Structures are given as C-alpha cells and as structure tokens.
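What's in coords-v8.cif: mmCIF, C-alpha atoms
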```
data_upload
#
loop_
_atom_site.label_atom_id
_atom_site.label_comp_id
_atom_site.auth_asym_id
_atom_site.auth_seq_id
_atom_site.Cartn_x
_atom_site.Cartn_y
_atom_site.Cartn_z
CA MET A 9 139.37 171.05 1.27
CA SER A 10 136.48 173.34 2.15
CA GLY A 11 132.79 173.57 1.55
CA PHE A 12 129.38 174.72 2.63
CA SER A 13 127.44 172.89 5.28
CA GLN A 14 124.24 171.29 4.04
CA ALA A 15 122.28 173.73 6.20
CA TYR A 16 123.81 176.79 4.54
CA ALA A 17 123.90 175.23 1.07
CA THR A 18 120.12 175.00 1.13
CA LYS A 19 119.73 178.49 2.64
CA THR A 20 122.03 179.90 -0.06
CA LEU A 21 120.14 178.16 -2.88
CA GLU A 22 116.82 179.45 -1.57
CA HIS A 23 118.27 182.97 -1.26
CA VAL A 24 119.80 183.24 -4.75
CA SER A 25 116.69 181.72 -6.34
CA GLY A 26 114.48 184.28 -4.62
CA LYS A 27 112.67 181.59 -2.71
CA LYS A 28 113.57 182.76 0.78
CA GLU A 29 115.59 185.60 2.28
CA LEU A 30 118.83 184.62 4.03
CA ALA A 31 119.56 186.95 6.91
CA LYS A 32 123.14 188.26 6.81
CA PRO A 33 125.04 186.22 9.41
CA THR A 34 128.02 187.28 11.51
CA MET A 35 130.79 184.75 11.03
CA TRP A 36 132.67 183.30 13.97
CA LEU A 37 135.66 181.12 13.23
CA ALA A 38 135.99 177.90 15.23
CA LEU A 39 139.24 175.92 15.49
CA LEU A 40 138.76 172.16 15.29
CA THR A 41 140.64 169.01 16.26
CA VAL A 42 138.45 166.74 14.10
CA VAL A 43 137.55 167.47 10.47
CA PRO A 44 133.80 168.15 10.11
CA THR A 45 131.45 166.90 7.42
CA ASN A 46 128.85 168.74 5.37
CA ALA A 47 126.30 167.56 7.95
CA SER A 48 128.11 169.13 10.93
CA THR A 49 126.50 171.80 13.07
CA GLY A 50 127.93 174.15 15.66
CA ALA A 51 126.95 171.53 18.25
CA THR A 52 128.57 168.52 16.56
CA ILE A 53 131.94 169.95 15.55
CA THR A 54 134.90 169.14 17.80
CA GLU A 55 136.46 172.43 18.90
CA ALA A 56 139.77 173.21 20.56
CA THR A 57 139.70 172.66 24.31
CA TYR A 58 142.66 174.72 25.51
CA THR A 59 141.96 177.20 28.28
CA GLY A 60 141.11 180.57 26.81
CA TYR A 61 139.74 179.19 23.55
CA LEU A 62 136.91 181.21 22.04
CA ARG A 63 135.49 181.42 18.56
CA LYS A 64 136.87 184.49 16.77
CA GLU A 65 134.56 186.97 15.08
CA VAL A 66 135.25 187.56 11.40
CA PRO A 67 133.32 190.75 10.68
CA ALA A 68 132.52 191.67 7.09
CA SER A 69 134.81 194.70 7.48
CA VAL A 70 137.93 192.46 7.56
CA LEU A 71 137.01 190.68 4.32
CA ASN A 72 138.00 191.67 0.79
CA SER A 73 135.39 191.75 -1.93
CA ALA A 74 134.72 188.38 -3.55
CA VAL A 75 136.80 187.62 -6.64
CA ALA A 76 135.47 185.72 -9.65
CA GLY A 77 137.39 182.64 -10.68
CA THR A 78 137.44 178.87 -10.59
CA PRO A 79 136.64 178.72 -7.82
CA SER A 80 135.38 182.20 -6.96
CA SER A 81 136.60 183.25 -3.55
CA ILE A 82 136.56 185.77 -0.74
CA ASN A 83 139.35 186.16 1.78
CA ASN A 84 140.43 188.22 4.79
CA LYS A 85 142.27 191.48 4.12
CA GLU A 86 143.44 191.69 7.73
CA ALA A 87 145.07 189.16 10.00
CA PHE A 88 143.14 188.20 13.08
CA THR A 89 144.28 186.71 16.36
CA PHE A 90 142.53 184.30 18.69
CA ALA A 91 142.49 184.68 22.46
CA ALA A 92 145.67 183.44 24.10
CA CYS A 93 146.02 179.91 25.42
CA THR A 94 146.52 180.00 29.19
CA GLY A 95 146.37 176.26 29.86
CA GLY A 96 146.27 172.91 28.07
CA SER A 97 146.84 172.52 24.35
CA SER A 98 145.06 171.54 21.14
CA THR A 99 146.26 170.36 17.75
CA ILE A 100 144.19 172.13 15.13
CA ILE A 101 143.55 170.32 11.84
CA ALA A 102 140.40 172.06 10.61
CA TRP A 103 138.19 175.13 10.92
CA ALA A 104 134.53 176.01 10.71
CA ALA A 105 132.89 179.36 10.07
CA CYS A 106 129.85 179.40 12.35
CA ASP A 107 126.92 181.78 12.79
CA SER A 108 127.16 181.81 16.59
CA SER A 109 129.82 183.13 18.94
CA GLU A 110 129.12 180.43 21.50
CA THR A 111 131.07 177.20 21.52
CA ALA A 112 128.86 174.19 20.69
CA LYS A 113 126.06 176.44 19.38
CA GLY A 114 124.66 177.57 16.05
CA ASN A 115 125.18 176.39 12.49
CA VAL A 116 128.28 175.74 10.47
CA ILE A 117 128.33 178.01 7.40
CA MET A 118 131.49 176.66 5.76
CA TRP A 119 134.33 174.42 6.91
CA GLY A 120 137.72 173.28 5.77
CA THR A 121 141.01 171.70 6.71
CA ALA A 122 144.04 173.47 8.17
CA ALA A 123 147.68 172.52 8.47
CA SER A 124 148.27 170.69 11.75
CA THR A 125 149.03 173.40 14.29
CA VAL A 126 149.70 173.00 18.00
CA ILE A 127 148.32 175.77 20.18
CA SER A 128 149.62 175.71 23.75
CA THR A 129 150.83 177.98 26.51
CA THR A 130 154.16 178.05 24.65
CA GLN A 131 152.82 178.49 21.14
CA THR A 132 150.31 181.26 21.61
CA PRO A 133 148.41 183.27 20.55
CA ALA A 134 147.16 181.67 17.36
CA SER A 135 146.52 183.91 14.40
CA ILE A 136 145.50 183.70 10.78
CA ALA A 137 147.47 185.89 8.41
CA ALA A 138 145.86 188.27 5.92
CA GLU A 139 144.45 186.64 2.77
CA VAL A 140 144.85 183.11 4.18
CA LEU A 141 141.25 182.38 5.16
CA SER A 142 139.75 181.82 1.73
CA LEU A 143 136.11 180.85 1.33
CA THR A 144 135.45 179.39 -2.10
CA LEU A 145 132.52 178.51 -4.34
CA VAL A 146 132.86 176.65 -7.65
CA MET B 2 150.86 158.07 20.28
CA PHE B 3 150.75 158.84 16.55
CA ALA B 4 153.44 157.52 14.26
CA SER B 5 153.07 160.53 11.98
CA ASP B 6 151.03 163.63 11.34
CA THR B 7 149.29 161.77 8.52
CA GLU B 8 148.18 159.07 10.96
CA ARG B 9 146.73 161.78 13.23
CA ARG B 10 144.92 163.39 10.30
CA VAL B 11 143.51 160.09 8.98
CA LEU B 12 141.98 159.56 12.41
CA GLY B 13 140.80 163.18 12.45
CA HIS B 14 138.84 162.59 9.26
CA LEU B 15 136.82 159.71 10.71
CA PRO B 16 133.35 160.51 12.09
CA VAL B 17 133.91 161.70 15.63
CA TRP B 18 133.13 159.41 18.56
CA THR B 19 130.22 160.54 20.70
CA ALA B 20 128.76 159.16 23.93
CA ASP B 21 125.22 159.69 22.66
CA GLU B 22 124.98 158.56 19.06
CA ASP B 23 121.24 159.16 18.76
CA ALA B 24 121.45 162.72 20.10
CA PHE B 25 124.39 163.50 17.80
CA ILE B 26 122.51 162.29 14.72
CA GLN B 27 119.35 164.14 15.76
CA ALA B 28 121.33 167.37 16.27
CA GLU B 29 122.63 167.19 12.70
CA LEU B 30 119.21 166.39 11.27
CA ASP B 31 117.68 169.25 13.28
CA GLY B 32 120.46 171.49 11.96
CA GLY B 33 119.32 170.94 8.39
CA ALA B 34 121.42 167.97 7.25
CA ALA B 35 119.80 165.31 5.09
CA GLN B 36 121.83 162.58 6.76
CA SER B 37 124.39 162.38 9.55
CA ILE B 38 127.61 160.70 8.41
CA ARG B 39 128.68 158.23 11.10
CA SER B 40 131.12 155.97 9.24
CA TYR B 41 133.09 155.72 6.00
CA THR B 42 133.91 152.85 3.72
CA LEU B 43 137.56 152.59 2.75
CA ALA B 44 136.74 154.05 -0.66
CA GLU B 45 134.79 156.97 0.85
CA LEU B 46 137.55 157.80 3.30
CA THR B 47 140.25 157.58 0.63
CA ALA B 48 138.29 160.01 -1.53
CA ARG B 49 137.82 162.36 1.42
CA LEU B 50 141.53 162.31 2.25
CA LEU B 51 142.39 163.33 -1.32
CA GLY B 52 140.78 166.69 -0.55
CA ASP B 53 143.10 167.33 2.39
CA GLY B 54 146.11 169.29 1.18
CA SER B 55 148.10 168.35 4.28
CA ILE B 56 148.07 164.64 3.39
CA PRO B 57 150.00 163.37 0.37
CA PRO B 58 147.66 161.50 -2.01
CA ARG B 59 147.15 157.93 -0.80
CA THR B 60 145.72 154.81 -2.43
CA GLU B 61 143.05 152.71 -0.75
CA GLU B 62 145.73 150.16 0.06
CA GLN B 63 147.84 152.81 1.79
CA VAL B 64 144.85 154.23 3.70
CA SER B 65 143.99 150.70 4.79
CA VAL B 66 147.43 150.37 6.39
CA PHE B 67 146.82 153.58 8.38
CA LEU B 68 143.40 152.34 9.47
CA GLU B 69 144.75 148.97 10.57
CA GLY B 70 147.41 150.78 12.60
CA LEU B 71 144.78 152.99 14.22
CA GLU B 72 142.60 149.96 14.91
CA SER B 73 145.50 148.14 16.57
CA LYS B 74 145.92 151.13 18.90
CA GLY B 75 142.22 151.10 19.69
CA PHE B 76 141.69 154.52 18.05
CA ALA B 77 139.42 153.36 15.20
CA GLU B 78 137.07 150.48 14.51
CA ASN B 79 135.43 148.95 11.49
CA ALA B 80 131.79 148.23 12.25
CA ASP B 81 129.71 148.70 9.11
CA GLY B 82 132.34 151.24 8.06
CA TRP B 83 135.28 152.98 9.72
CA ARG B 84 134.70 155.26 12.68
CA MET B 85 136.60 156.80 15.58
CA THR B 86 136.58 155.25 19.05
CA GLU B 87 136.45 156.99 22.41
CA ALA B 88 140.18 156.31 22.80
CA GLY B 89 140.74 157.84 19.38
CA LEU B 90 139.00 161.05 20.34
CA ALA B 91 141.01 161.17 23.56
CA ALA B 92 144.24 160.68 21.59
CA LEU B 93 143.41 163.63 19.34
CA SER B 94 143.10 165.75 22.46
CA GLU B 95 146.55 164.83 23.77
CA PRO B 96 149.49 167.22 23.18
CA ALA B 97 151.11 166.56 19.83
CA LEU B 98 154.45 168.11 20.73
CA ALA B 99 156.54 168.05 23.89
CA GLU B 100 157.17 171.52 25.29
CA HIS B 101 160.82 171.50 24.18
CA GLU B 102 159.65 170.81 20.61
CA GLN B 103 157.48 173.92 20.52
CA THR B 104 158.39 177.41 19.39
CA SER B 105 157.79 180.07 21.98
CA GLY B 106 155.46 182.84 20.87
CA PRO B 107 152.67 183.44 18.38
CA VAL B 108 151.72 180.68 15.97
CA GLN B 109 150.06 181.07 12.58
CA ILE B 110 147.40 178.64 11.41
CA GLY B 111 147.70 177.58 7.79
CA ILE B 112 144.22 177.38 6.34
CA GLY B 113 143.53 175.06 3.47
CA GLY B 114 146.35 172.71 4.38
#
```
Output the file's structure in the form of structure tokens.
Amino acid sequence: MSGFSQAYATKTLEHVSGKKELAKPTMWLALLTVVPTNASTGATITEATYTGYLRKEVPASVLNSAVAGTPSSINNKEAFTFAACTGGSSTIIAWAACDSSETAKGNVIMWGTAASTVISTTQTPASIAAEVLSLTLV
Amino acid sequence: MFASDTERRVLGHLPVWTADEDAFIQAELDGGAAQSIRSYTLAELTARLLGDGSIPPRTEEQVSVFLEGLESKGFAENADGWRMTEAGLAALSEPALAEHEQTSGPVQIGIGG
C-alpha cells in the first residue's frame, strides 16, 4: 500500500501538464505508528516518538533511475540508517516521504505501509536496505 | 494490550485521535487536501486493509470482529463511522515487545509490508 498525498498529486498533475512548475523537493523519510491517508500532511502524520528519532534525508543521489512497469517505480540503490534510539520505543507500521526535515512540518509527498517493526534501545539503529523503499506510480 | 499484530494494525489504520479535531481538519485542508478523513465505514476500512500487505485479506465480518474487540478495550469507537480513541492512540505508543523478546542490534524496516 502506497500512494501520493492529495497535495502532491495535484502539484504533480499541474507540473506534467505544464500548468505550474513543481520545485524539486528534498525527500525526508518519516517513520509512523499510525497509517496516514491521502489527506495527511507533515503536521497530521503520527511519527515515532523514541528518543533520538529524526526524519532521514533521502537525497536523489541514493535513488536509482525510475523503471517503467505496472506500476512504474523508483527505489533506493543504497541502504540508509536512521539515528539511533537512545530511549523509549516505537512500533513502526507505516512511512511517509515528506518535503521537510522537521518533525510535524511540511507536506507528505508519498506514504505507505511497513511491516510492523519495533525500534527501541535494544533494537537499534533502524535501517532500510537497498532497493526496499520503492515509490510507485500506476 | 493487543491480541495480535493484525489487531494493532487494524487500529493503526483508523483515523488518528486528536485533541483538537477542528485544527487537525484545518491543517489537512490548508495542506491541499480536498477533505480530511476522520472516520471509516466498515466497508471503507475493509477495503483499506486489503491494501496492507502485512494483514491477510479479511472480510467485512472478520474486520467487524477486530473492531468490536478494539471497542471493548476502549481503543476505537463507532460514532458516524469508526475512529481511534485517545486510549487507542496511547496503546499504539506502548512497547509492542518486552525487552527479552527483542533482538539486540540493528533492525531493518520492511517497506511495503
């Protein structure tokens, strides 16, 4: 399960139709304990609360080129690791790619579900393996 | 707290509880959404859960059993549709595994589950 937010769906449609330029965003991956909706924003998603949690930058340089298919997709060619948990814990069930580095700020670009994963002072740091974060478009 | 991971995830798919409903809705409208989703019918939630690869496909009847269980725990309520309660949000924030059940060291997150 993954998809564009309504905010970025409209921006994308306006961009590809030549209606309005969409500035190239920097993606920051947020880890969530509640699954978002297409209406969610960076302020209304429910992010991990463990001590040390920060959104993780996903620069364009760690992404492969998009691949045509059904759906077409783009994924990460390198693994990336979140900051270590130094207190508390969170059970992650979803993710959101946001256009702001700050927790509770910005827009959601895309979102999706994740396998239930406990992040704690024992199970840390959390990482996402290469070619696992796949953003898709039908 | 949760009888199963599926029960946790069913709750996690419900619209999140917020102390300020009006501000939450306004934030989503200001963010570009046409409408803020604040509850689901049983049919809507069942359809949504079918998109979650970490939950085996469930019928409306089966999802209803999960919702009734969550309601009996005070984690969800049905008021013009199903939604999360404050206790439900707190439960999602509680540790899911005791320390002795955890594996020491790095943990990989499975995306798309």
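In terms of minimum interatomic distance to A:Lys32, A:Ile117 ranks closest within A:Leu62, A:Ala92, A:Ala56, A:Ile117, counting only C-alpha atoms.
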Protein, DNA and RNA residues within 12 Å of (130.0, 157.8, 23.9), all atoms listed in the file, as a PDB file with C-alpha atoms, keeping the file's coordinate frame:
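Below you can see point08.pdb, which holds the result:
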```pdb
ATOM      1  CA  VAL B  17     133.910 161.700  15.630  1.00  0.00           C
ATOM      2  CA  TRP B  18     133.130 159.410  18.560  1.00  0.00           C
ATOM      3  CA  THR B  19     130.220 160.540  20.700  1.00  0.00           C
ATOM      4  CA  ALA B  20     128.760 159.160  23.930  1.00  0.00           C
ATOM      5  CA  ASP B  21     125.220 159.690  22.660  1.00  0.00           C
ATOM      6  CA  GLU B  22     124.980 158.560  19.060  1.00  0.00           C
ATOM      7  CA  ASP B  23     121.240 159.160  18.760  1.00  0.00           C
ATOM      8  CA  ALA B  24     121.450 162.720  20.100  1.00  0.00           C
ATOM      9  CA  PHE B  25     124.390 163.500  17.800  1.00  0.00           C
ATOM     10  CA  MET B  85     136.600 156.800  15.580  1.00  0.00           C
ATOM     11  CA  THR B  86     136.580 155.250  19.050  1.00  0.00           C
ATOM     12  CA  GLU B  87     136.450 156.990  22.410  1.00  0.00           C
ATOM     13  CA  ALA B  88     140.180 156.310  22.800  1.00  0.00           C
ATOM     14  CA  GLY B  89     140.740 157.840  19.380  1.00  0.00           C
ATOM     15  CA  LEU B  90     139.000 161.050  20.340  1.00  0.00           C
ATOM     16  CA  ALA B  91     141.010 161.170  23.560  1.00  0.00           C
TER      17      ALA B  91
END
```
For A:Phe12: contacts at 10 Å, only C-alpha atoms, fewer than 6 positions along chain excluded, given as number ranges by chain: A: 18, 20, 45-47, 104-105, 116-120, 143-145
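Applied to the shown file, the PyMOL selection byres ((chain A) within 6 of (chain B)) selects the residues Met9, Gln14, Ala15, Val42, Val43, Ala47, Thr121, Ala122, Ala123, Thr130, Gln131, Thr132, Pro133, Ala134, Ser135, Ile136 and Leu141 of chain A.
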Interatomic distance (Å, one decimal) between atom CA of A:Val146 and atom CA of A:Ser80: 6.1 Å
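The space separating atom CA of A:Gly95 from atom CA of A:Gly60 comes to 7.5 Å.
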One-decimal distance in Å that lies between atom CA of A:Ala91 and atom CA of A:Ser13: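 Here the two named atoms are 25.7 Å from each other.
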Option closest in space to A:Ser109, from A:Glu22, A:Tyr61, A:Ala17, A:Lys28 [counting only C-alpha atoms]: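 Among the listed residues, the smallest separation from A:Ser109 belongs to A:Tyr61.
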Near-B:Trp83 list (8 Å; all atoms listed in the file; drop same-chain fewer than 3 positions) as a list in words: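 Once the nearby chain positions are removed, what remains is Leu15, Ser40, Tyr41, Thr42, Leu43, Ala77, Glu78, Asn79 and Ala80 of chain B.
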Could you write out as a PDB file with C-alpha atoms, keeping the file's coordinate frame the residues that the PyMOL selection byres ((chain B and resi 61) around 12) matches in the shown file?
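As written to disk, selection.pdb reads:
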```pdb
ATOM      1  CA  THR B  42     133.910 152.850   3.720  1.00  0.00           C
ATOM      2  CA  LEU B  43     137.560 152.590   2.750  1.00  0.00           C
ATOM      3  CA  ALA B  44     136.740 154.050  -0.660  1.00  0.00           C
ATOM      4  CA  GLU B  45     134.790 156.970   0.850  1.00  0.00           C
ATOM      5  CA  LEU B  46     137.550 157.800   3.300  1.00  0.00           C
ATOM      6  CA  THR B  47     140.250 157.580   0.630  1.00  0.00           C
ATOM      7  CA  ALA B  48     138.290 160.010  -1.530  1.00  0.00           C
ATOM      8  CA  ARG B  49     137.820 162.360   1.420  1.00  0.00           C
ATOM      9  CA  LEU B  50     141.530 162.310   2.250  1.00  0.00           C
ATOM     10  CA  LEU B  51     142.390 163.330  -1.320  1.00  0.00           C
ATOM     11  CA  PRO B  58     147.660 161.500  -2.010  1.00  0.00           C
ATOM     12  CA  ARG B  59     147.150 157.930  -0.800  1.00  0.00           C
ATOM     13  CA  THR B  60     145.720 154.810  -2.430  1.00  0.00           C
ATOM     14  CA  GLU B  62     145.730 150.160   0.060  1.00  0.00           C
ATOM     15  CA  GLN B  63     147.840 152.810   1.790  1.00  0.00           C
ATOM     16  CA  VAL B  64     144.850 154.230   3.700  1.00  0.00           C
ATOM     17  CA  SER B  65     143.990 150.700   4.790  1.00  0.00           C
ATOM     18  CA  VAL B  66     147.430 150.370   6.390  1.00  0.00           C
ATOM     19  CA  PHE B  67     146.820 153.580   8.380  1.00  0.00           C
ATOM     20  CA  LEU B  68     143.400 152.340   9.470  1.00  0.00           C
TER      21      LEU B  68
END
```
